[in-house]
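Note: the block below is final04.tsv and it holds TSV, C-alpha atoms.
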chain	number	residue	atom	x	y	z
A	18	MET	CA	3.50	-2.68	-18.11
A	19	ILE	CA	4.97	0.73	-18.90
A	20	GLU	CA	3.16	0.81	-22.22
A	21	LYS	CA	-0.14	0.21	-20.50
A	22	ILE	CA	0.36	2.80	-17.79
A	23	LEU	CA	1.56	5.57	-20.05
A	24	ASN	CA	-0.97	4.94	-22.77
A	25	ARG	CA	2.08	5.66	-24.84
A	26	GLN	CA	1.93	7.75	-27.96
A	27	GLU	CA	4.14	6.76	-30.85
A	28	ASN	CA	6.63	9.57	-30.35
A	29	SER	CA	6.91	9.59	-26.56
A	30	LEU	CA	10.18	8.44	-25.02
A	31	TYR	CA	10.15	7.22	-21.44
A	32	VAL	CA	13.36	8.05	-19.58
A	33	GLY	CA	13.83	5.67	-16.62
A	34	MET	CA	16.34	5.92	-13.77
A	35	GLY	CA	19.85	6.08	-15.14
A	36	ASP	CA	18.69	6.20	-18.78
A	37	LEU	CA	20.14	8.56	-21.38
A	38	VAL	CA	17.87	9.03	-24.38
A	39	MET	CA	18.20	10.99	-27.60
A	40	GLY	CA	15.30	12.35	-29.64
A	41	SER	CA	14.19	14.92	-32.20
A	42	SER	CA	10.97	16.70	-33.13
A	43	PRO	CA	8.19	15.59	-32.65
A	44	ASP	CA	9.50	13.33	-29.84
A	45	VAL	CA	8.35	13.96	-26.28
A	46	PHE	CA	10.46	12.88	-23.30
A	47	ILE	CA	8.68	11.69	-20.16
A	48	CYS	CA	9.97	11.12	-16.61
A	49	LEU	CA	7.39	10.11	-13.99
A	50	GLY	CA	8.00	10.34	-10.26
A	51	LEU	CA	11.35	12.07	-9.91
A	52	GLY	CA	12.50	12.30	-6.30
A	53	SER	CA	16.13	13.10	-5.55
A	54	CYS	CA	17.02	12.36	-9.19
A	55	ILE	CA	17.35	15.03	-11.85
A	56	ALA	CA	15.92	15.08	-15.35
A	57	LEU	CA	18.44	17.03	-17.43
A	58	VAL	CA	17.73	17.91	-21.03
A	59	ILE	CA	20.41	19.36	-23.29
A	60	TYR	CA	18.96	20.50	-26.60
A	61	SER	CA	19.37	22.56	-29.71
A	62	PRO	CA	16.37	24.86	-30.23
A	63	LYS	CA	17.48	25.42	-33.81
A	64	ARG	CA	17.66	21.74	-34.78
A	65	LYS	CA	14.89	20.59	-32.39
A	66	LEU	CA	17.20	17.83	-31.26
A	67	ALA	CA	17.64	16.85	-27.62
A	68	ALA	CA	19.24	14.40	-25.21
A	69	MET	CA	17.74	13.66	-21.80
A	70	ALA	CA	19.35	11.94	-18.82
A	71	HIS	CA	17.69	10.70	-15.63
A	72	ILE	CA	20.59	11.40	-13.27
A	73	MET	CA	20.69	9.55	-9.93
A	74	LEU	CA	24.02	10.51	-8.37
A	75	PRO	CA	26.59	13.30	-8.72
A	76	LYS	CA	29.81	11.33	-9.16
A	77	SER	CA	30.78	8.03	-10.75
A	78	PRO	CA	32.97	5.63	-8.76
A	79	ASN	CA	36.71	6.11	-9.28
A	80	SER	CA	37.64	2.60	-10.27
A	81	GLU	CA	37.81	1.95	-14.00
A	82	LYS	CA	37.27	-1.78	-13.63
A	83	GLY	CA	33.94	-3.50	-13.29
A	84	LYS	CA	31.01	-3.69	-15.64
A	85	PRO	CA	29.85	-0.64	-17.54
A	86	PHE	CA	26.91	1.19	-15.98
A	87	LYS	CA	23.92	3.04	-17.35
A	88	ALA	CA	25.00	6.15	-19.25
A	89	GLY	CA	22.67	8.63	-17.57
A	90	LYS	CA	23.24	7.54	-13.99
A	91	PHE	CA	26.09	9.80	-12.89
A	92	ALA	CA	26.13	13.54	-13.54
A	93	ASP	CA	29.87	13.62	-14.26
A	94	ARG	CA	29.51	10.95	-16.98
A	95	ALA	CA	26.10	11.93	-18.35
A	96	VAL	CA	26.82	15.57	-19.21
A	97	PRO	CA	29.89	14.96	-21.43
A	98	GLU	CA	28.15	11.94	-22.98
A	99	MET	CA	25.11	14.04	-23.91
A	100	LEU	CA	27.33	16.73	-25.46
A	101	ASP	CA	29.18	14.05	-27.45
A	102	ILE	CA	25.94	12.62	-28.79
A	103	LEU	CA	24.72	16.04	-29.89
A	104	GLU	CA	28.07	16.86	-31.42
A	105	LYS	CA	27.98	13.63	-33.44
A	106	GLU	CA	24.65	14.80	-34.81
A	107	GLY	CA	26.40	17.94	-35.97
A	108	VAL	CA	25.08	20.29	-33.33
A	109	ALA	CA	27.51	23.15	-32.56
A	110	ARG	CA	28.32	23.58	-28.88
A	111	SER	CA	27.37	27.26	-29.11
A	112	GLU	CA	23.74	26.45	-29.96
A	113	VAL	CA	22.95	24.02	-27.11
A	114	ARG	CA	20.85	24.96	-24.09
A	115	ALA	CA	19.85	23.11	-20.92
A	116	LYS	CA	16.76	22.71	-18.76
A	117	LEU	CA	16.52	20.67	-15.61
A	118	ALA	CA	14.11	19.60	-12.88
A	119	GLY	CA	14.24	17.41	-9.78
A	120	GLY	CA	16.60	17.03	-6.83
A	121	ALA	CA	13.94	17.14	-4.10
A	122	ARG	CA	14.53	16.30	-0.46
A	123	MET	CA	11.26	14.61	0.41
A	124	PHE	CA	11.95	13.29	3.88
A	125	ALA	CA	12.79	16.36	5.92
A	126	PHE	CA	13.78	14.61	9.14
A	127	SER	CA	15.71	11.67	7.82
A	128	PRO	CA	19.32	11.62	9.06
A	129	SER	CA	20.40	9.34	6.20
A	130	PRO	CA	22.87	11.21	3.96
A	131	MET	CA	21.47	9.41	0.92
A	132	ILE	CA	18.14	11.14	1.43
A	133	ALA	CA	19.86	14.51	0.92
A	134	ILE	CA	21.51	13.39	-2.33
A	135	GLY	CA	19.15	15.67	-4.32
A	136	GLU	CA	21.02	18.82	-3.25
A	137	GLN	CA	24.33	17.30	-4.31
A	138	ASN	CA	22.83	16.32	-7.66
A	139	ILE	CA	21.65	19.88	-8.30
A	140	PHE	CA	25.01	21.33	-7.31
A	141	LYS	CA	26.99	18.94	-9.50
A	142	VAL	CA	24.79	19.29	-12.59
A	143	THR	CA	24.76	23.09	-12.35
A	144	ASP	CA	28.51	23.12	-11.84
A	145	LEU	CA	29.14	20.88	-14.86
A	146	LEU	CA	26.89	22.95	-17.12
A	147	GLY	CA	28.90	25.99	-16.04
A	148	GLN	CA	32.18	24.22	-16.84
A	149	TYR	CA	30.99	23.40	-20.35
A	150	SER	CA	29.45	26.90	-20.72
A	151	ILE	CA	25.97	25.54	-21.42
A	152	PRO	CA	23.34	28.18	-20.58
A	153	ILE	CA	20.56	26.99	-18.25
A	154	GLU	CA	17.35	28.25	-19.83
A	155	ALA	CA	15.07	27.03	-17.05
A	156	CYS	CA	15.15	24.94	-13.92
A	157	ASP	CA	12.81	23.73	-11.21
A	158	THR	CA	14.92	22.05	-8.57
A	159	GLY	CA	15.10	21.33	-4.84
A	160	GLY	CA	12.18	21.68	-2.47
A	161	ASN	CA	10.46	18.77	-0.77
A	162	LYS	CA	8.08	17.52	-3.48
A	163	GLY	CA	8.47	14.85	-6.16
A	164	ARG	CA	7.98	15.84	-9.80
A	165	SER	CA	6.85	14.39	-13.11
A	166	ILE	CA	8.15	16.06	-16.24
A	167	THR	CA	7.51	16.18	-19.98
A	168	PHE	CA	9.83	17.82	-22.52
A	169	HIS	CA	8.60	18.64	-26.02
A	170	THR	CA	11.40	18.67	-28.59
A	171	GLU	CA	9.19	20.63	-31.01
A	172	THR	CA	8.68	23.63	-28.70
A	173	CYS	CA	11.50	22.98	-26.18
A	174	ALA	CA	8.89	23.43	-23.42
A	175	LEU	CA	9.48	21.61	-20.14
A	176	GLU	CA	6.30	20.81	-18.22
A	177	VAL	CA	6.64	20.08	-14.50
A	178	ARG	CA	3.89	18.47	-12.42
A	179	VAL	CA	3.83	18.30	-8.63
A	180	MET	CA	1.12	16.41	-6.71
A	181	GLY	CA	-1.74	18.75	-5.81
A	182	GLU	CA	-0.40	21.69	-7.85
A	183	ARG	CA	-1.00	23.05	-11.32
A	184	THR	CA	1.35	22.08	-14.14
A	185	LYS	CA	4.14	24.59	-14.67
A	186	THR	CA	5.58	25.18	-18.14
A	187	LEU	CA	9.19	26.28	-18.24
B	13	MET	CA	22.30	-14.03	-4.93
B	14	ASN	CA	21.63	-17.74	-4.66
B	15	PHE	CA	18.43	-19.55	-3.85
B	16	LEU	CA	19.38	-20.22	-0.23
B	17	GLN	CA	20.18	-16.56	0.41
B	18	LYS	CA	16.93	-15.45	-1.16
B	19	ASP	CA	15.02	-17.93	0.96
B	20	ALA	CA	16.77	-16.81	4.13
B	21	LEU	CA	15.87	-13.19	3.38
B	22	LYS	CA	12.24	-14.13	2.77
B	23	GLU	CA	12.10	-15.96	6.06
B	24	VAL	CA	13.65	-13.07	7.96
B	25	ALA	CA	11.24	-10.62	6.34
B	26	ASN	CA	8.39	-12.95	7.21
B	27	ILE	CA	9.31	-12.85	10.90
B	28	GLY	CA	9.70	-9.06	10.75
B	29	THR	CA	6.35	-8.62	9.04
B	30	GLY	CA	4.62	-10.94	11.50
B	31	ASN	CA	5.80	-8.78	14.34
B	32	ALA	CA	4.83	-5.60	12.48
B	33	ALA	CA	1.33	-6.98	11.80
B	34	ARG	CA	0.90	-7.82	15.47
B	35	ALA	CA	1.98	-4.31	16.50
B	36	LEU	CA	-0.43	-2.66	14.06
B	37	SER	CA	-3.23	-4.94	15.20
B	38	GLU	CA	-2.66	-3.96	18.84
B	39	LEU	CA	-2.58	-0.29	17.90
B	40	ILE	CA	-5.91	-0.23	16.08
B	41	GLY	CA	-7.68	-3.18	17.70
B	42	LYS	CA	-8.36	-5.04	14.44
B	43	ARG	CA	-7.14	-8.22	12.86
B	44	VAL	CA	-4.27	-7.54	10.47
B	45	ASP	CA	-3.38	-9.90	7.63
B	46	MET	CA	0.03	-10.11	6.00
B	47	SER	CA	1.31	-11.31	2.65
B	48	VAL	CA	4.29	-13.54	1.92
B	49	PRO	CA	7.31	-11.24	1.44
B	50	GLU	CA	8.63	-10.75	-2.07
B	51	VAL	CA	12.34	-10.41	-2.64
B	52	GLU	CA	12.63	-8.01	-5.58
B	53	MET	CA	15.66	-7.42	-7.76
B	54	LEU	CA	14.70	-4.85	-10.35
B	55	PRO	CA	16.54	-3.12	-13.15
B	56	LEU	CA	16.66	0.56	-12.14
B	57	GLU	CA	14.58	1.70	-15.11
B	58	ASP	CA	11.70	-0.61	-14.05
B	59	VAL	CA	11.46	0.61	-10.46
B	60	ALA	CA	9.09	3.52	-11.13
B	61	PHE	CA	6.41	1.27	-12.64
B	62	HIS	CA	6.80	-1.97	-10.76
B	63	PHE	CA	4.65	-1.12	-7.76
B	64	GLY	CA	1.81	0.65	-9.56
B	65	HIS	CA	1.32	3.92	-11.42
B	66	PRO	CA	4.22	6.20	-10.46
B	67	GLU	CA	1.86	9.15	-9.91
B	68	THR	CA	-0.34	7.35	-7.33
B	69	PRO	CA	-0.65	9.60	-4.26
B	70	VAL	CA	0.78	7.87	-1.20
B	71	CYS	CA	1.84	8.54	2.35
B	72	ALA	CA	5.29	7.15	3.20
B	73	VAL	CA	6.93	6.89	6.61
B	74	LEU	CA	10.67	6.42	6.43
B	75	SER	CA	13.04	5.25	9.15
B	76	THR	CA	16.71	4.49	8.83
B	77	CYS	CA	18.78	1.93	10.67
B	78	ASP	CA	22.44	2.91	10.55
B	79	ARG	CA	24.09	1.02	13.39
B	80	ASN	CA	25.09	-2.65	13.08
B	81	LEU	CA	23.08	-2.97	9.88
B	82	GLU	CA	22.56	-0.30	7.25
B	83	ALA	CA	19.02	-0.24	5.90
B	84	ASN	CA	16.09	2.00	5.06
B	85	LEU	CA	12.60	0.92	6.04
B	86	VAL	CA	9.53	2.54	4.62
B	87	PHE	CA	5.85	2.05	5.36
B	88	ILE	CA	3.78	3.07	2.33
B	89	MET	CA	0.01	3.55	2.27
B	90	ALA	CA	-2.27	4.76	-0.51
B	91	GLY	CA	-3.32	8.35	0.24
B	92	LYS	CA	-6.91	7.32	1.05
B	93	ASP	CA	-5.80	4.47	3.30
B	94	ALA	CA	-3.49	6.79	5.22
B	95	GLU	CA	-6.44	9.10	5.78
B	96	LYS	CA	-8.51	6.20	7.12
B	97	LEU	CA	-5.76	5.01	9.41
B	98	SER	CA	-5.17	8.50	10.82
B	99	GLU	CA	-8.93	8.90	11.43
B	100	MET	CA	-9.01	5.61	13.31
B	101	LEU	CA	-6.08	6.69	15.43
B	102	LEU	CA	-7.45	10.18	16.14
B	103	ASP	CA	-10.84	8.70	17.11
B	104	LYS	CA	-9.06	7.18	20.04
B	105	ILE	CA	-8.14	10.59	21.43
B	106	SER	CA	-10.79	11.64	23.94
B	107	ILE	CA	-9.73	15.26	24.45
B	108	PRO	CA	-11.21	17.84	22.06
B	109	VAL	CA	-8.91	19.05	19.30
B	110	ALA	CA	-8.99	22.45	17.57
B	111	PRO	CA	-9.86	21.85	13.87
B	112	SER	CA	-6.84	23.88	12.74
B	113	ARG	CA	-4.53	21.38	14.40
B	114	ILE	CA	-6.04	18.28	12.79
B	115	PRO	CA	-3.70	18.04	9.75
B	116	GLU	CA	-0.68	18.29	12.00
B	117	LEU	CA	-2.09	15.66	14.37
B	118	ARG	CA	-2.87	13.36	11.47
B	119	GLU	CA	0.68	13.56	10.25
B	120	SER	CA	2.11	12.80	13.66
B	121	ALA	CA	-0.38	9.95	14.16
B	122	LEU	CA	0.81	8.42	10.88
B	123	ALA	CA	4.45	8.98	11.81
B	124	GLU	CA	3.81	7.19	15.08
B	125	ALA	CA	1.93	4.32	13.41
B	126	GLY	CA	4.81	3.97	10.95
B	127	ASN	CA	7.29	4.07	13.78
B	128	ILE	CA	5.49	1.30	15.63
B	129	VAL	CA	5.14	-0.90	12.55
B	130	LEU	CA	8.72	-0.43	11.34
B	131	GLY	CA	10.11	-0.64	14.87
B	132	ALA	CA	8.38	-4.00	15.35
B	133	PHE	CA	9.80	-5.20	12.03
B	134	ILE	CA	13.39	-4.21	12.83
B	135	SER	CA	13.31	-5.44	16.41
B	136	ALA	CA	12.26	-8.90	15.21
B	137	LEU	CA	15.29	-8.85	12.89
B	138	GLY	CA	17.52	-7.69	15.72
B	139	ASN	CA	16.35	-10.49	18.00
B	140	LEU	CA	16.89	-13.04	15.30
B	141	MET	CA	20.38	-11.81	14.50
B	142	ASN	CA	21.23	-11.01	18.10
B	143	LEU	CA	22.02	-7.42	17.20
B	144	GLN	CA	20.98	-4.09	18.64
B	145	LEU	CA	19.09	-2.46	15.76
B	146	ASP	CA	17.63	1.01	16.30
B	147	LEU	CA	15.63	3.20	13.98
B	148	SER	CA	15.92	6.94	13.41
B	149	VAL	CA	13.02	9.29	14.15
B	150	PRO	CA	10.38	8.64	11.46
B	151	SER	CA	9.95	11.11	8.60
B	152	VAL	CA	6.64	11.43	6.72
B	153	ALA	CA	6.08	12.42	3.10
B	154	PHE	CA	2.83	12.75	1.13
B	155	ASP	CA	3.88	12.38	-2.47
B	156	MET	CA	3.84	10.32	-5.66
B	157	LEU	CA	4.65	6.61	-5.30
B	158	GLY	CA	7.26	6.87	-8.07
B	159	SER	CA	9.08	9.73	-6.34
B	160	ILE	CA	9.20	7.83	-3.06
B	161	MET	CA	10.65	4.77	-4.83
B	162	ASN	CA	13.04	7.03	-6.73
B	163	VAL	CA	14.57	8.30	-3.49
B	164	MET	CA	14.63	4.83	-1.93
B	165	VAL	CA	16.60	3.15	-4.70
B	166	ALA	CA	18.90	6.04	-5.72
B	167	ILE	CA	21.21	4.63	-3.05
B	168	PHE	CA	21.89	1.58	-5.26
B	169	GLY	CA	23.04	3.59	-8.23
B	170	ALA	CA	26.64	3.85	-7.08
B	171	ALA	CA	27.32	0.13	-7.19
B	172	GLU	CA	24.69	-1.54	-9.35
B	173	ASP	CA	22.18	-1.12	-12.15
B	174	THR	CA	19.76	-3.20	-10.05
B	175	ALA	CA	17.68	-2.24	-7.05
B	176	PHE	CA	17.18	-4.74	-4.29
B	177	LEU	CA	14.35	-4.64	-1.78
B	178	ILE	CA	11.93	-6.78	0.18
B	179	ASP	CA	8.26	-5.93	-0.16
B	180	THR	CA	5.42	-7.16	2.08
B	181	ARG	CA	1.81	-6.12	2.54
B	182	LEU	CA	-0.34	-5.59	5.60
B	183	SER	CA	-4.11	-5.30	5.41
B	184	PHE	CA	-7.21	-5.45	7.54
B	185	PRO	CA	-9.92	-6.59	5.18
B	186	GLU	CA	-12.46	-7.75	7.76
B	187	ASP	CA	-14.85	-4.85	7.41
B	188	GLU	CA	-15.36	-3.33	3.99
B	189	ASP	CA	-15.74	0.22	5.25
B	190	HIS	CA	-12.34	0.19	6.83
B	191	PHE	CA	-10.41	-1.81	4.29
B	192	PHE	CA	-6.81	-0.84	4.60
B	193	SER	CA	-3.64	-1.96	2.94
B	194	GLY	CA	-0.11	-0.78	3.43
B	195	ARG	CA	3.28	-2.12	2.47
B	196	ILE	CA	6.56	-2.38	4.28
B	197	MET	CA	9.68	-2.12	2.20
B	198	PHE	CA	12.96	-3.14	3.66
B	199	ILE	CA	15.87	-1.77	1.65
B	200	PRO	CA	19.30	-2.86	2.85
B	201	GLY	CA	22.19	-0.55	2.01
B	202	PRO	CA	24.38	-1.67	-0.92
B	203	GLY	CA	27.18	-2.98	1.29
B	204	SER	CA	25.09	-4.49	4.03
B	205	LEU	CA	23.75	-7.59	2.27
B	206	GLU	CA	26.99	-9.47	2.78
B	207	SER	CA	27.05	-8.78	6.50
B	208	PHE	CA	23.40	-9.73	6.59
B	209	PHE	CA	24.14	-13.16	5.14
B	210	SER	CA	27.11	-13.76	7.40
B	211	PHE	CA	25.00	-12.91	10.47
B	212	LEU	CA	22.47	-15.43	9.28
B	213	GLY	CA	25.15	-17.98	8.50
B	214	VAL	CA	24.06	-18.37	4.88
B	215	ARG	CA	26.70	-18.54	2.16
Render the structure in this file as structure tokens.
Amino acid sequence: MIEKILNRQENSLYVGMGDLVMGSSPDVFICLGLGSCIALVIYSPKRKLAAMAHIMLPKSPNSEKGKPFKAGKFADRAVPEMLDILEKEGVARSEVRAKLAGGARMFAFSPSPMIAIGEQNIFKVTDLLGQYSIPIEACDTGGNKGRSITFHTETCALEVRVMGERTKTL
Amino acid sequence: MNFLQKDALKEVANIGTGNAARALSELIGKRVDMSVPEVEMLPLEDVAFHFGHPETPVCAVLSTCDRNLEANLVFIMAGKDAEKLSEMLLDKISIPVAPSRIPELRESALAEAGNIVLGAFISALGNLMNLQLDLSVPSVAFDMLGSIMNVMVAIFGAAEDTAFLIDTRLSFPEDEDHFFSGRIMFIPGPGSLESFFSFLGVR
């Protein structure tokens, strides 16, 4: 189904909700239809190596028991995991950068706190990147519109599409 | 979830949808058909693609029920169908309207249509379960289908790697020019399924 819809190229990597995916040039990461979720990419421009997470929620549950969950789901688990993966590939912490997009609040009038989770996601991801001293090269977050994004490992360009608007390249 | 529970949910959704179809039919004065509800349990990574291309433009009306039963309800129409429905509703207004106010009126007409449809759905559930179930003020978004679904199922992330929802369709196919199809999604909060089953007396 996904293959058919995306008309997938050999080197494109689809990053679904809660996924954490690693890739290198010429791979292209794709996230379609982000709402309150955040697509976070941590990459090395020098090595053209990147990890992308499709983050759904700011914090993982406290309890250690229970089955393991998807690696990219929680901001507080995804960020250290992505740094670990890059480190294992021999990328120095000093050369990594971050770009992010998402975290929209699409239903302005909804009283449900879950609908406002986008703002908490942005806050948590930004905070974590600060804690690990990862510079944020570009971001397109918040607002009330959903986004689709593409990240090119070759050029480190992040393309953001919003319905009815022109594609932005960050 | 066992077979009996799944069946009970389908039946409940069927009653809700029947009531919603009747309400929409009264609103627009046309026959409205409904589909058999589907109980969907989807891995999170499949949600974006399951209901069609994630970048399909849609109009979604969201209402939340947070007392006695925690659930989100959303009425989703393809962008073109939403336009048709709002035209039908605005045609019923006999007073002249300034053209500049039409987009605003369309949005509130759709919010109201969504409110009526979702309200009918939830009140049928309330009657069945003998509970007072009220919906929040409706909120409208014009956006990509995938983004709407993304927001709807993010709520499940905390507990599960699976999204759970009930999906039904409403349509009025009788005249080709006004073909319309919309879907109602009923998305119970992560904790509320258990209470749902105990209300229904299904184990």
Practice problem: Tell me which of B:Gly138, B:Gly126, B:Gly64, B:Gly194 sits closest to chain A, counting all atoms listed in the file. | Solution: B:Gly64
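Comparing A:Gly33, A:Gly160, A:Pro152, A:Gly147 by their smallest distance to chain B, the closest is A:Gly33 (using all atoms listed in the file).
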Hey, could you make a per-residue contact list for chain A against chain B with 9 Å as the cut-off, showing the nearest pair of atoms and its distance in Å to one decimal, counting only C-alpha atoms, sorted by chain and number, as JSON lines?
{"residue": "A:Met18", "atom": "CA", "partner": "B:Phe61", "partner_atom": "CA", "distance": 7.3}
{"residue": "A:Ile19", "atom": "CA", "partner": "B:Phe61", "partner_atom": "CA", "distance": 6.4}
{"residue": "A:Ile22", "atom": "CA", "partner": "B:His65", "partner_atom": "CA", "distance": 6.5}
{"residue": "A:Leu23", "atom": "CA", "partner": "B:His65", "partner_atom": "CA", "distance": 8.8}
{"residue": "A:Val32", "atom": "CA", "partner": "B:Glu57", "partner_atom": "CA", "distance": 7.9}
{"residue": "A:Gly33", "atom": "CA", "partner": "B:Glu57", "partner_atom": "CA", "distance": 4.3}
{"residue": "A:Met34", "atom": "CA", "partner": "B:Glu57", "partner_atom": "CA", "distance": 4.8}
{"residue": "A:Gly35", "atom": "CA", "partner": "B:Glu57", "partner_atom": "CA", "distance": 6.9}
{"residue": "A:Asp36", "atom": "CA", "partner": "B:Glu57", "partner_atom": "CA", "distance": 7.1}
{"residue": "A:Leu49", "atom": "CA", "partner": "B:Pro66", "partner_atom": "CA", "distance": 6.1}
{"residue": "A:Gly50", "atom": "CA", "partner": "B:Ser159", "partner_atom": "CA", "distance": 4.1}
{"residue": "A:Leu51", "atom": "CA", "partner": "B:Ser159", "partner_atom": "CA", "distance": 4.8}
{"residue": "A:Gly52", "atom": "CA", "partner": "B:Ser159", "partner_atom": "CA", "distance": 4.3}
{"residue": "A:Ser53", "atom": "CA", "partner": "B:Val163", "partner_atom": "CA", "distance": 5.5}
{"residue": "A:Cys54", "atom": "CA", "partner": "B:Asn162", "partner_atom": "CA", "distance": 7.1}
{"residue": "A:Met73", "atom": "CA", "partner": "B:Ala166", "partner_atom": "CA", "distance": 5.8}
{"residue": "A:Leu74", "atom": "CA", "partner": "B:Gly169", "partner_atom": "CA", "distance": 7.0}
{"residue": "A:Lys76", "atom": "CA", "partner": "B:Ala170", "partner_atom": "CA", "distance": 8.4}
{"residue": "A:Ser77", "atom": "CA", "partner": "B:Ala170", "partner_atom": "CA", "distance": 6.9}
{"residue": "A:Pro78", "atom": "CA", "partner": "B:Ala170", "partner_atom": "CA", "distance": 6.8}
{"residue": "A:Phe86", "atom": "CA", "partner": "B:Asp173", "partner_atom": "CA", "distance": 6.5}
{"residue": "A:Lys87", "atom": "CA", "partner": "B:Asp173", "partner_atom": "CA", "distance": 6.9}
{"residue": "A:Lys90", "atom": "CA", "partner": "B:Gly169", "partner_atom": "CA", "distance": 7.0}
{"residue": "A:Phe91", "atom": "CA", "partner": "B:Ala170", "partner_atom": "CA", "distance": 8.3}
{"residue": "A:Ala121", "atom": "CA", "partner": "B:Val163", "partner_atom": "CA", "distance": 8.9}
{"residue": "A:Arg122", "atom": "CA", "partner": "B:Val163", "partner_atom": "CA", "distance": 8.6}
{"residue": "A:Met123", "atom": "CA", "partner": "B:Ala153", "partner_atom": "CA", "distance": 6.2}
{"residue": "A:Phe124", "atom": "CA", "partner": "B:Ser151", "partner_atom": "CA", "distance": 5.6}
{"residue": "A:Ala125", "atom": "CA", "partner": "B:Ser151", "partner_atom": "CA", "distance": 6.5}
{"residue": "A:Phe126", "atom": "CA", "partner": "B:Ser151", "partner_atom": "CA", "distance": 5.2}
{"residue": "A:Ser127", "atom": "CA", "partner": "B:Ser151", "partner_atom": "CA", "distance": 5.8}
{"residue": "A:Pro128", "atom": "CA", "partner": "B:Ser148", "partner_atom": "CA", "distance": 7.2}
{"residue": "A:Ser129", "atom": "CA", "partner": "B:Thr76", "partner_atom": "CA", "distance": 6.6}
{"residue": "A:Met131", "atom": "CA", "partner": "B:Ile167", "partner_atom": "CA", "distance": 6.2}
{"residue": "A:Ile132", "atom": "CA", "partner": "B:Val163", "partner_atom": "CA", "distance": 6.7}
{"residue": "A:Ile134", "atom": "CA", "partner": "B:Ala166", "partner_atom": "CA", "distance": 8.5}
{"residue": "A:Gly135", "atom": "CA", "partner": "B:Val163", "partner_atom": "CA", "distance": 8.7}
{"residue": "A:Asn161", "atom": "CA", "partner": "B:Ala153", "partner_atom": "CA", "distance": 8.6}
{"residue": "A:Lys162", "atom": "CA", "partner": "B:Asp155", "partner_atom": "CA", "distance": 6.7}
{"residue": "A:Gly163", "atom": "CA", "partner": "B:Ser159", "partner_atom": "CA", "distance": 5.2}
{"residue": "A:Arg164", "atom": "CA", "partner": "B:Ser159", "partner_atom": "CA", "distance": 7.1}
{"residue": "A:Ser165", "atom": "CA", "partner": "B:Glu67", "partner_atom": "CA", "distance": 7.9}
{"residue": "A:Val179", "atom": "CA", "partner": "B:Met156", "partner_atom": "CA", "distance": 8.5}
{"residue": "A:Met180", "atom": "CA", "partner": "B:Asp155", "partner_atom": "CA", "distance": 6.5}
Quiz item: Could you name the residues that touch region 107-114 of chain A at 6 Å or less, counting only C-alpha atoms, but leaving out those on the same chain fewer than 5 positions away, as number ranges by chain?
Solution: A: 59-61, 151-152
Practice problem: State, in Å with one decimal place, the distance from CA of Leu145 (chain B) to CA of Val129 (chain B). | Solution: 14.4 Å
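With only C-alpha atoms as the atoms that count, the residue of B:Ala25, B:Ala110, B:Ala33, B:Ala123 with the shortest distance to Cys71 (chain B) is B:Ala123.
Between CA of Thr158 (chain A) and CA of Arg183 (chain A) the separation is 16.2 Å.
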Exercise. Counting only C-alpha atoms, figure out which residue out of A:Leu145, A:Leu57, A:Ala155, A:Ala115 gets nearest to Thr186 (chain A).
Key: A:Ala155
